[in-house]
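What's in upload_37.cif: mmCIF, C-alpha atoms
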data_query
#
loop_
_atom_site.label_atom_id
_atom_site.label_comp_id
_atom_site.auth_asym_id
_atom_site.auth_seq_id
_atom_site.Cartn_x
_atom_site.Cartn_y
_atom_site.Cartn_z
CA MET A 1 124.38 87.78 102.93
CA LEU A 2 127.56 88.79 101.13
CA ASP A 3 130.50 86.44 101.55
CA TYR A 4 133.82 88.09 100.70
CA ILE A 5 137.52 88.05 101.52
CA TYR A 6 139.81 91.04 101.21
CA ASN A 7 143.56 90.71 100.74
CA SER A 8 145.08 93.97 101.94
CA GLU A 9 148.51 93.17 100.47
CA THR A 10 147.28 92.68 96.92
CA ASN A 11 144.18 94.90 97.26
CA VAL A 12 142.03 92.09 95.88
CA LEU A 13 138.42 91.69 96.96
CA LYS A 14 137.00 88.24 96.30
CA PHE A 15 133.27 87.53 96.53
CA ASN A 16 132.04 83.95 96.93
CA PHE A 17 128.52 83.57 95.62
CA GLN A 18 126.28 80.53 95.72
CA GLY A 19 123.02 79.18 94.35
CA LYS A 20 120.79 81.13 92.00
CA LEU A 21 121.81 84.73 91.38
CA ASP A 22 118.35 85.84 90.35
CA THR A 23 116.39 89.08 90.63
CA THR A 24 115.61 88.55 94.31
CA ALA A 25 119.25 87.89 95.20
CA SER A 26 120.39 90.83 93.06
CA ILE A 27 118.04 93.26 94.81
CA GLY A 28 119.79 92.36 98.08
CA PHE A 29 123.36 92.26 96.77
CA ARG A 30 123.45 95.36 94.59
CA PRO A 31 123.44 98.06 97.30
CA GLU A 32 125.80 96.06 99.54
CA ILE A 33 128.35 95.57 96.77
CA ASP A 34 128.08 99.21 95.68
CA LYS A 35 128.64 100.43 99.22
CA LEU A 36 131.57 98.09 99.84
CA LEU A 37 133.31 99.03 96.58
CA THR A 38 132.85 102.74 97.27
CA GLU A 39 134.40 102.35 100.73
CA MET A 40 137.29 100.24 99.46
CA MET A 41 138.06 102.57 96.59
CA ALA A 42 138.11 105.55 98.92
CA GLY A 43 141.07 104.05 100.78
CA SER A 44 144.64 104.92 99.78
CA HIS A 45 146.37 101.83 98.45
CA LYS A 46 149.29 101.74 96.09
CA LEU A 47 147.51 99.19 93.92
CA PRO A 48 144.12 99.63 92.23
CA LEU A 49 141.31 97.59 93.74
CA SER A 50 140.76 94.28 91.93
CA VAL A 51 137.48 92.44 92.27
CA ASN A 52 136.84 88.75 91.67
CA PHE A 53 133.45 87.07 91.62
CA ASP A 54 133.77 83.34 92.33
CA PHE A 55 130.90 81.32 90.81
CA GLN A 56 132.14 77.87 91.87
CA VAL A 57 128.79 77.00 93.45
CA VAL A 58 126.48 79.24 91.42
CA ASP A 59 123.76 77.54 89.36
CA PHE A 60 122.76 80.40 87.07
CA ILE A 61 122.59 84.17 86.83
CA THR A 62 119.77 86.30 85.49
CA SER A 63 119.93 89.65 83.72
CA ALA A 64 119.65 91.42 87.08
CA PHE A 65 122.95 89.96 88.23
CA VAL A 66 124.53 90.56 84.83
CA GLY A 67 123.69 94.20 85.60
CA ILE A 68 125.69 93.96 88.83
CA CYS A 69 128.66 92.58 86.88
CA VAL A 70 128.42 95.49 84.43
CA SER A 71 128.22 98.12 87.16
CA THR A 72 131.12 96.52 89.06
CA ALA A 73 133.28 96.42 85.92
CA LYS A 74 132.47 100.07 85.25
CA LYS A 75 133.28 101.04 88.82
CA VAL A 76 136.67 99.34 89.24
CA GLY A 77 137.60 99.20 85.55
CA LYS A 78 137.11 96.06 83.48
CA ILE A 79 140.82 95.23 83.62
CA ASN A 80 140.51 94.94 87.40
CA PHE A 81 137.40 92.74 87.38
CA SER A 82 137.18 88.99 86.82
CA ILE A 83 134.62 86.23 87.14
CA ALA A 84 135.89 82.72 87.91
CA ASN A 85 134.66 79.13 87.94
CA THR A 86 131.60 79.66 85.77
CA ASN A 87 129.62 76.64 84.60
CA PRO A 88 128.80 76.23 80.87
CA PHE A 89 125.31 77.73 81.25
CA ILE A 90 126.64 80.87 82.92
CA LYS A 91 129.32 81.18 80.23
CA ARG A 92 126.55 81.01 77.65
CA THR A 93 124.59 83.70 79.51
CA PHE A 94 127.59 86.05 79.32
CA LYS A 95 128.00 85.20 75.64
CA ILE A 96 124.37 86.04 74.88
CA ALA A 97 124.86 89.33 76.73
CA GLY A 98 127.91 90.03 74.56
CA LEU A 99 130.06 90.22 77.67
CA ASP A 100 132.23 87.17 77.04
CA ARG A 101 134.57 89.35 74.98
CA GLU A 102 134.28 92.35 77.31
CA LEU A 103 134.90 90.76 80.69
CA ASN A 104 137.44 88.29 82.04
CA VAL A 105 135.14 85.26 82.46
CA SER A 106 136.65 81.84 83.13
CA MET B 1 97.31 66.28 76.64
CA SER B 2 96.78 64.47 79.97
CA ASP B 3 96.45 66.23 83.32
CA SER B 4 99.82 64.90 84.40
CA CYS B 5 101.42 67.04 81.71
CA LYS B 6 99.87 70.24 82.93
CA LYS B 7 100.82 72.12 86.10
CA LEU B 8 99.71 75.49 87.37
CA LEU B 9 101.28 77.83 89.90
CA THR B 10 99.64 81.04 91.09
CA ILE B 11 101.74 83.65 92.85
CA LEU B 12 101.34 87.24 93.98
CA ASN B 13 103.17 90.13 92.35
CA LYS B 14 105.95 90.12 94.96
CA PHE B 15 109.67 89.59 94.40
CA GLU B 16 109.75 87.24 97.41
CA GLN B 17 107.69 84.82 95.33
CA ILE B 18 110.29 84.45 92.59
CA PRO B 19 112.12 81.54 94.28
CA ASP B 20 108.77 79.70 94.30
CA VAL B 21 108.51 80.20 90.54
CA GLU B 22 112.03 78.87 89.98
CA GLU B 23 111.36 75.84 92.18
CA PHE B 24 108.06 75.16 90.43
CA VAL B 25 109.60 75.17 86.96
CA LEU B 26 112.62 73.17 88.12
CA GLN B 27 110.60 70.49 89.89
CA THR B 28 107.95 70.16 87.22
CA ALA B 29 110.46 69.93 84.38
CA SER B 30 112.58 67.46 86.37
CA ASN B 31 109.53 65.27 86.98
CA TRP B 32 108.93 65.31 83.23
CA ASN B 33 112.51 64.09 82.60
CA ILE B 34 113.59 67.20 80.77
CA ASP B 35 117.34 67.53 80.23
CA PRO B 36 119.22 69.82 82.67
CA GLU B 37 120.26 72.37 80.04
CA THR B 38 116.65 72.88 78.93
CA ILE B 39 115.54 73.11 82.57
CA ASN B 40 118.05 75.92 83.16
CA GLU B 41 116.76 77.72 80.07
CA LEU B 42 113.15 77.38 81.20
CA VAL B 43 113.84 78.49 84.77
CA LEU B 44 115.87 81.49 83.68
CA SER B 45 113.35 82.56 81.02
CA THR B 46 110.36 82.25 83.35
CA GLU B 47 112.22 84.16 86.07
CA GLU B 48 113.00 87.00 83.66
CA ILE B 49 109.38 87.30 82.52
CA VAL B 50 107.85 87.16 86.00
CA SER B 51 110.41 89.69 87.31
CA ASN B 52 109.53 92.00 84.44
CA ILE B 53 105.82 91.74 85.25
CA ILE B 54 106.39 92.42 88.96
CA ASN B 55 108.73 95.31 88.15
CA TYR B 56 106.73 97.09 85.47
CA GLY B 57 103.29 95.50 85.15
CA PHE B 58 101.36 97.16 87.95
CA ASN B 59 100.90 100.83 88.83
CA ASP B 60 100.15 100.12 92.47
CA VAL B 61 102.82 97.70 93.66
CA SER B 62 101.33 97.53 97.15
CA GLU B 63 98.16 95.93 95.79
CA ASP B 64 98.16 92.12 95.70
CA ARG B 65 97.65 90.81 92.17
CA GLU B 66 97.90 87.29 90.85
CA ILE B 67 100.27 85.94 88.24
CA ASN B 68 99.59 82.47 86.82
CA ILE B 69 102.30 80.20 85.47
CA LEU B 70 100.95 77.25 83.50
CA MET B 71 103.38 74.56 82.36
CA MET B 72 102.41 72.03 79.69
CA LYS B 73 104.25 69.27 77.91
CA ASN B 74 103.57 67.08 74.92
CA GLU B 75 105.81 64.70 72.96
CA THR B 76 107.79 67.43 71.29
CA LYS B 77 107.82 70.54 73.38
CA ILE B 78 107.31 72.16 76.72
CA SER B 79 105.23 75.33 76.93
CA ILE B 80 104.89 77.86 79.72
CA ILE B 81 102.11 80.44 79.66
CA ILE B 82 102.52 83.39 82.01
CA LYS B 83 99.30 85.29 82.59
CA ASP B 84 98.80 88.56 84.44
CA ASP B 85 96.22 91.33 84.59
CA GLY B 86 98.65 94.21 84.73
CA MET B 87 99.00 96.96 82.17
CA ALA B 88 98.74 95.72 78.60
CA PHE B 89 102.31 95.45 77.39
CA ASN B 90 103.97 93.41 74.69
CA PRO B 91 107.58 92.92 75.77
CA LEU B 92 108.37 91.32 72.41
CA GLY B 93 107.61 94.59 70.67
CA LYS B 94 110.85 96.07 71.94
CA GLU B 95 113.90 96.07 69.69
CA ASN B 96 116.79 93.90 70.82
CA PRO B 97 119.12 95.97 73.02
CA ASP B 98 121.99 97.56 71.10
CA SER B 99 124.04 97.48 74.30
CA ILE B 100 125.24 93.94 73.55
CA GLU B 101 127.49 95.41 70.88
CA LYS B 102 128.89 98.11 73.13
CA PRO B 103 131.97 98.09 75.34
CA VAL B 104 131.12 97.60 78.99
CA GLU B 105 132.00 101.23 79.82
CA GLU B 106 129.11 102.42 77.63
CA ARG B 107 126.50 99.99 78.90
CA GLU B 108 123.61 100.52 81.22
CA ALA B 109 123.13 97.84 83.88
CA GLY B 110 119.85 96.36 82.65
CA GLY B 111 117.47 95.77 79.77
CA LEU B 112 118.60 92.27 78.82
CA GLY B 113 115.88 90.10 80.39
CA ILE B 114 113.48 89.71 77.47
CA TYR B 115 116.42 89.46 75.07
CA PHE B 116 117.65 86.47 77.08
CA VAL B 117 114.21 84.87 76.79
CA LYS B 118 114.15 85.33 73.01
CA GLU B 119 117.64 83.86 72.69
CA LEU B 120 117.03 80.85 74.96
CA MET B 121 113.55 79.80 73.80
CA ASP B 122 112.54 78.23 70.49
CA HIS B 123 109.31 80.20 70.29
CA VAL B 124 107.93 83.18 72.17
CA ASP B 125 104.49 84.69 71.67
CA TYR B 126 102.48 87.46 73.29
CA HIS B 127 98.82 88.30 73.07
CA HIS B 128 96.34 90.33 75.06
CA GLU B 129 93.03 88.66 75.87
CA GLY B 130 90.35 90.52 77.77
CA LYS B 131 92.20 92.16 80.63
CA PHE B 132 95.06 89.65 80.57
CA ASN B 133 98.57 89.63 79.19
CA LEU B 134 99.50 86.14 78.01
CA LEU B 135 103.11 85.41 77.25
CA THR B 136 103.93 81.94 75.96
CA ILE B 137 107.41 80.49 75.80
CA GLU B 138 108.19 77.16 74.17
CA LYS B 139 111.15 74.85 74.03
CA PHE B 140 111.55 71.69 71.99
CA ILE B 141 112.54 68.88 74.30
CA THR B 142 115.04 66.07 74.39
CA LYS B 143 114.18 63.18 76.63
CA ILE B 144 116.90 61.86 78.94
#

Show me this structure written as structure tokens.
Amino acid sequence: MLDYIYNSETNVLKFNFQGKLDTTASIGFRPEIDKLLTEMMAGSHKLPLSVNFDFQVVDFITSAFVGICVSTAKKVGKINFSIANTNPFIKRTFKIAGLDRELNVS
Amino acid sequence: MSDSCKKLLTILNKFEQIPDVEEFVLQTASNWNIDPETINELVLSTEEIVSNIINYGFNDVSEDREINILMMKNETKISIIIKDDGMAFNPLGKENPDSIEKPVEEREAGGLGIYFVKELMDHVDYHHEGKFNLLTIEKFITKI
């Protein structure tokens, strides 16, 4: 199940993920995230929607979830998308994917 | 190689079985005192391969088919052989994706799984034997 918090003042949507973000998890999350972003972006807010993925308690991500990160960045604009609290193995995964220089990963 | 350094898991070609694969690789490698970084690499690589097989290996996805995951260890390396009887396909024959050089706006959301495996493992090999695809991944090990 998706765990997220929306701040209506700043128009920031923060997702808290946990565990292994593998193919099985990604199959469940992808349509939910797509739908939520579409709904949020349809609203009239003076600020663009910013999205943050918090990986504080995420063990690893597979290519399927990297795909979700790519599609989210494309949807909201990469300047409005960030990924926080990644462990060294996840950082390495983004580096292998060539996304460490494309996305805001910390 | 003794029996204690050989473990086999058989699953069906269903995405719901992927967590079982991850747990199998994690537990087996942990019992063999493999370092955590290598365990992550093995779990991720095996997950990518099995997902690929479930996704693309079988014409009739409703039909139950077996996938075998055999883990072996000796003094220097850990090997995982993934065996399935789906369509003959060598995933290593594909070129590395050129998307890794592209800006995110020009990327497709996919196609990186086997590339991850090739980057994370020390050796990867495919061959087709009878009606089976056999993909072997190997990682040199550091004892902890």

Original post:
Near chain B, which residues of chain A fall within 7 Å when you count only C-alpha atoms, and what do they look like as a PyMOL selection string?
Top reply: chain A and resi 23-24+62-64+67-68+70-71+74+97-98+102

**OP:** For Asn52 (chain A), list every protein, DNA or RNA residue within 8 Å, evaluated using only C-alpha atoms, and leave out those in the same chain fewer than 2 positions away; present the list as a list in words.
**Re:** Val12, Leu13, Lys14, Phe15, Ser50, Asp54, Phe81, Ser82, Ile83 and Ala84 of chain A

Subject >> Interatomic distance, CA of Phe132 (chain B) to CA of Val117 (chain B) (Å, one decimal) >> reply: 20.1 Å

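Using only C-alpha atoms, the contacts of Met40 (chain A) at a cut-off of 12 Å, with sequence neighbours closer than 4 positions omitted, comprise Tyr6, Asn7, Ser8, Asn11, Val12, Leu13, Ile33, Asp34, Lys35, Leu36, Ser44, His45, Leu47, Pro48, Leu49, Ser50, Val51, Lys75 and Val76 of chain A.
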
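The two atoms in question, CA of Thr136 (chain B) and CA of Leu92 (chain B), are spaced 11.0 Å apart.
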
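Between CA of Asp122 (chain B) and CA of Phe140 (chain B) there is a distance of 6.8 Å.
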
Original post:
Around (132.8, 86.7, 81.4) in the file's frame, which residues reach within 9 Å when counting all atoms listed in the file? Return as a VMD selection string?
Top reply: chain A and resid 82 to 84 86 90 to 91 93 to 95 99 to 106

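If you apply the PyMOL selection byres ((chain B and resi 85) around 10) to this structure, you end up with Ile53, Gly57, Phe58, Arg65, Glu66, Ile67, Asn68, Lys83, Asp84, Gly86, Met87, Ala88, His128, Glu129, Gly130, Lys131, Phe132, Asn133 and Leu134 of chain B.
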
Prev. selection, C-alpha atoms, output as an mmCIF file, in the coordinates of the input:
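Writing done, so here's result.cif:
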data_model
loop_
_atom_site.group_PDB
_atom_site.id
_atom_site.type_symbol
_atom_site.label_atom_id
_atom_site.label_comp_id
_atom_site.auth_asym_id
_atom_site.auth_seq_id
_atom_site.Cartn_x
_atom_site.Cartn_y
_atom_site.Cartn_z
ATOM 1 C CA ILE B 53 105.820 91.740 85.250
ATOM 2 C CA GLY B 57 103.290 95.500 85.150
ATOM 3 C CA PHE B 58 101.360 97.160 87.950
ATOM 4 C CA ARG B 65 97.650 90.810 92.170
ATOM 5 C CA GLU B 66 97.900 87.290 90.850
ATOM 6 C CA ILE B 67 100.270 85.940 88.240
ATOM 7 C CA ASN B 68 99.590 82.470 86.820
ATOM 8 C CA LYS B 83 99.300 85.290 82.590
ATOM 9 C CA ASP B 84 98.800 88.560 84.440
ATOM 10 C CA GLY B 86 98.650 94.210 84.730
ATOM 11 C CA MET B 87 99.000 96.960 82.170
ATOM 12 C CA ALA B 88 98.740 95.720 78.600
ATOM 13 C CA HIS B 128 96.340 90.330 75.060
ATOM 14 C CA GLU B 129 93.030 88.660 75.870
ATOM 15 C CA GLY B 130 90.350 90.520 77.770
ATOM 16 C CA LYS B 131 92.200 92.160 80.630
ATOM 17 C CA PHE B 132 95.060 89.650 80.570
ATOM 18 C CA ASN B 133 98.570 89.630 79.190
ATOM 19 C CA LEU B 134 99.500 86.140 78.010
#

Give as a short mmCIF file (atom, residue, chain, number, x, y, z; two decimals) with C-alpha atoms, keeping the file's coordinate frame every residue, naming chains and numbers as the document does, that has an atom within 9 Å of (125.2, 84.2, 94.2), counting only C-alpha atoms.
data_model
loop_
_atom_site.label_atom_id
_atom_site.label_comp_id
_atom_site.auth_asym_id
_atom_site.auth_seq_id
_atom_site.Cartn_x
_atom_site.Cartn_y
_atom_site.Cartn_z
CA LEU A 2 127.56 88.79 101.13
CA ASN A 16 132.04 83.95 96.93
CA PHE A 17 128.52 83.57 95.62
CA GLN A 18 126.28 80.53 95.72
CA GLY A 19 123.02 79.18 94.35
CA LYS A 20 120.79 81.13 92.00
CA LEU A 21 121.81 84.73 91.38
CA ASP A 22 118.35 85.84 90.35
CA ALA A 25 119.25 87.89 95.20
CA SER A 26 120.39 90.83 93.06
CA PHE A 29 123.36 92.26 96.77
CA ASP A 54 133.77 83.34 92.33
CA PHE A 55 130.90 81.32 90.81
CA VAL A 57 128.79 77.00 93.45
CA VAL A 58 126.48 79.24 91.42
CA ASP A 59 123.76 77.54 89.36
CA PHE A 60 122.76 80.40 87.07
CA ILE A 61 122.59 84.17 86.83
CA PHE A 65 122.95 89.96 88.23
#

**OP:** Could you state which residues are captured by the PyMOL selection byres ((chain B and resi 26-30) around 12) in this file, as a VMD selection string?
**Re:** chain B and resid 4 to 9 19 to 25 31 to 47 69 to 73 77 to 80 139 141 to 144

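Residue nearest Arg30 (chain A) within the list A:Ile79, A:Val66, A:Ile5, A:Ile96: A:Val66 [criterion: smallest interatomic distance, only C-alpha atoms].
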
Original post:
Smallest atom-to-atom distance to Asn55 (chain B): which of A:Ile27, A:Glu9, A:Asn85, A:Ala73, using only C-alpha atoms?
Top reply: A:Ile27

Listed atoms of region 73-76 of chain A boxed along x, y and z, 6 Å each side, centre and edge lengths in Å, one decimal, as lines of an AutoDock Vina configuration file:
center_x = 134.6
center_y = 98.7
center_z = 87.2
size_x = 16.2
size_y = 16.6
size_z = 16.0

Any chance you could model N, CA and C atoms for region 75-101 of chain B and send them as a compact mmCIF listing (two decimals), in the frame of the given file?
# COMPACT_ATOMS: atom_id res chain seq x y z
N GLU B 75 104.69 65.55 73.39
CA GLU B 75 105.81 64.70 72.96
C GLU B 75 107.00 65.52 72.46
N THR B 76 106.72 66.69 71.97
CA THR B 76 107.79 67.43 71.29
C THR B 76 108.26 68.70 71.99
N LYS B 77 107.42 69.25 72.82
CA LYS B 77 107.82 70.54 73.38
C LYS B 77 107.22 70.77 74.77
N ILE B 78 107.83 71.71 75.45
CA ILE B 78 107.31 72.16 76.72
C ILE B 78 106.91 73.63 76.55
N SER B 79 105.74 73.96 77.06
CA SER B 79 105.23 75.33 76.93
C SER B 79 104.95 75.89 78.31
N ILE B 80 105.23 77.17 78.48
CA ILE B 80 104.89 77.86 79.72
C ILE B 80 104.12 79.13 79.35
N ILE B 81 102.92 79.24 79.90
CA ILE B 81 102.11 80.44 79.66
C ILE B 81 102.08 81.25 80.94
N ILE B 82 102.51 82.50 80.84
CA ILE B 82 102.52 83.39 82.01
C ILE B 82 101.42 84.43 81.80
N LYS B 83 100.50 84.45 82.76
CA LYS B 83 99.30 85.29 82.59
C LYS B 83 99.21 86.29 83.75
N ASP B 84 98.98 87.55 83.40
CA ASP B 84 98.80 88.56 84.44
C ASP B 84 97.76 89.58 83.98
N ASP B 85 97.22 90.32 84.94
CA ASP B 85 96.22 91.33 84.59
C ASP B 85 96.75 92.74 84.83
N GLY B 86 98.04 92.89 84.63
CA GLY B 86 98.65 94.21 84.73
C GLY B 86 98.41 95.02 83.47
N MET B 87 99.16 96.11 83.35
CA MET B 87 99.00 96.96 82.17
C MET B 87 99.30 96.17 80.90
N ALA B 88 98.51 96.41 79.87
CA ALA B 88 98.74 95.72 78.60
C ALA B 88 100.11 96.13 78.07
N PHE B 89 100.96 95.14 77.87
CA PHE B 89 102.31 95.45 77.39
C PHE B 89 102.89 94.25 76.68
N ASN B 90 103.33 94.47 75.45
CA ASN B 90 103.97 93.41 74.69
C ASN B 90 105.48 93.56 74.78
N PRO B 91 106.12 92.76 75.62
CA PRO B 91 107.58 92.92 75.77
C PRO B 91 108.34 92.53 74.51
N LEU B 92 107.68 91.77 73.64
CA LEU B 92 108.37 91.32 72.41
C LEU B 92 108.40 92.43 71.37
N GLY B 93 107.64 93.47 71.62
CA GLY B 93 107.61 94.59 70.67
C GLY B 93 108.86 95.44 70.73
N LYS B 94 109.62 95.28 71.80
CA LYS B 94 110.85 96.07 71.94
C LYS B 94 111.95 95.54 71.02
N GLU B 95 112.73 96.46 70.48
CA GLU B 95 113.90 96.07 69.69
C GLU B 95 114.90 95.35 70.61
N ASN B 96 115.71 94.49 70.03
CA ASN B 96 116.79 93.90 70.82
C ASN B 96 117.73 95.01 71.29
N PRO B 97 118.26 94.89 72.51
CA PRO B 97 119.12 95.97 73.02
C PRO B 97 120.39 96.12 72.19
N ASP B 98 120.75 97.37 71.86
CA ASP B 98 121.99 97.56 71.10
C ASP B 98 123.21 97.52 72.02
N SER B 99 122.93 97.47 73.34
CA SER B 99 124.04 97.48 74.30
C SER B 99 124.94 96.26 74.17
N ILE B 100 124.41 95.15 73.63
CA ILE B 100 125.24 93.94 73.55
C ILE B 100 126.43 94.11 72.61
N GLU B 101 126.37 95.14 71.78
CA GLU B 101 127.49 95.41 70.88
C GLU B 101 128.46 96.42 71.48
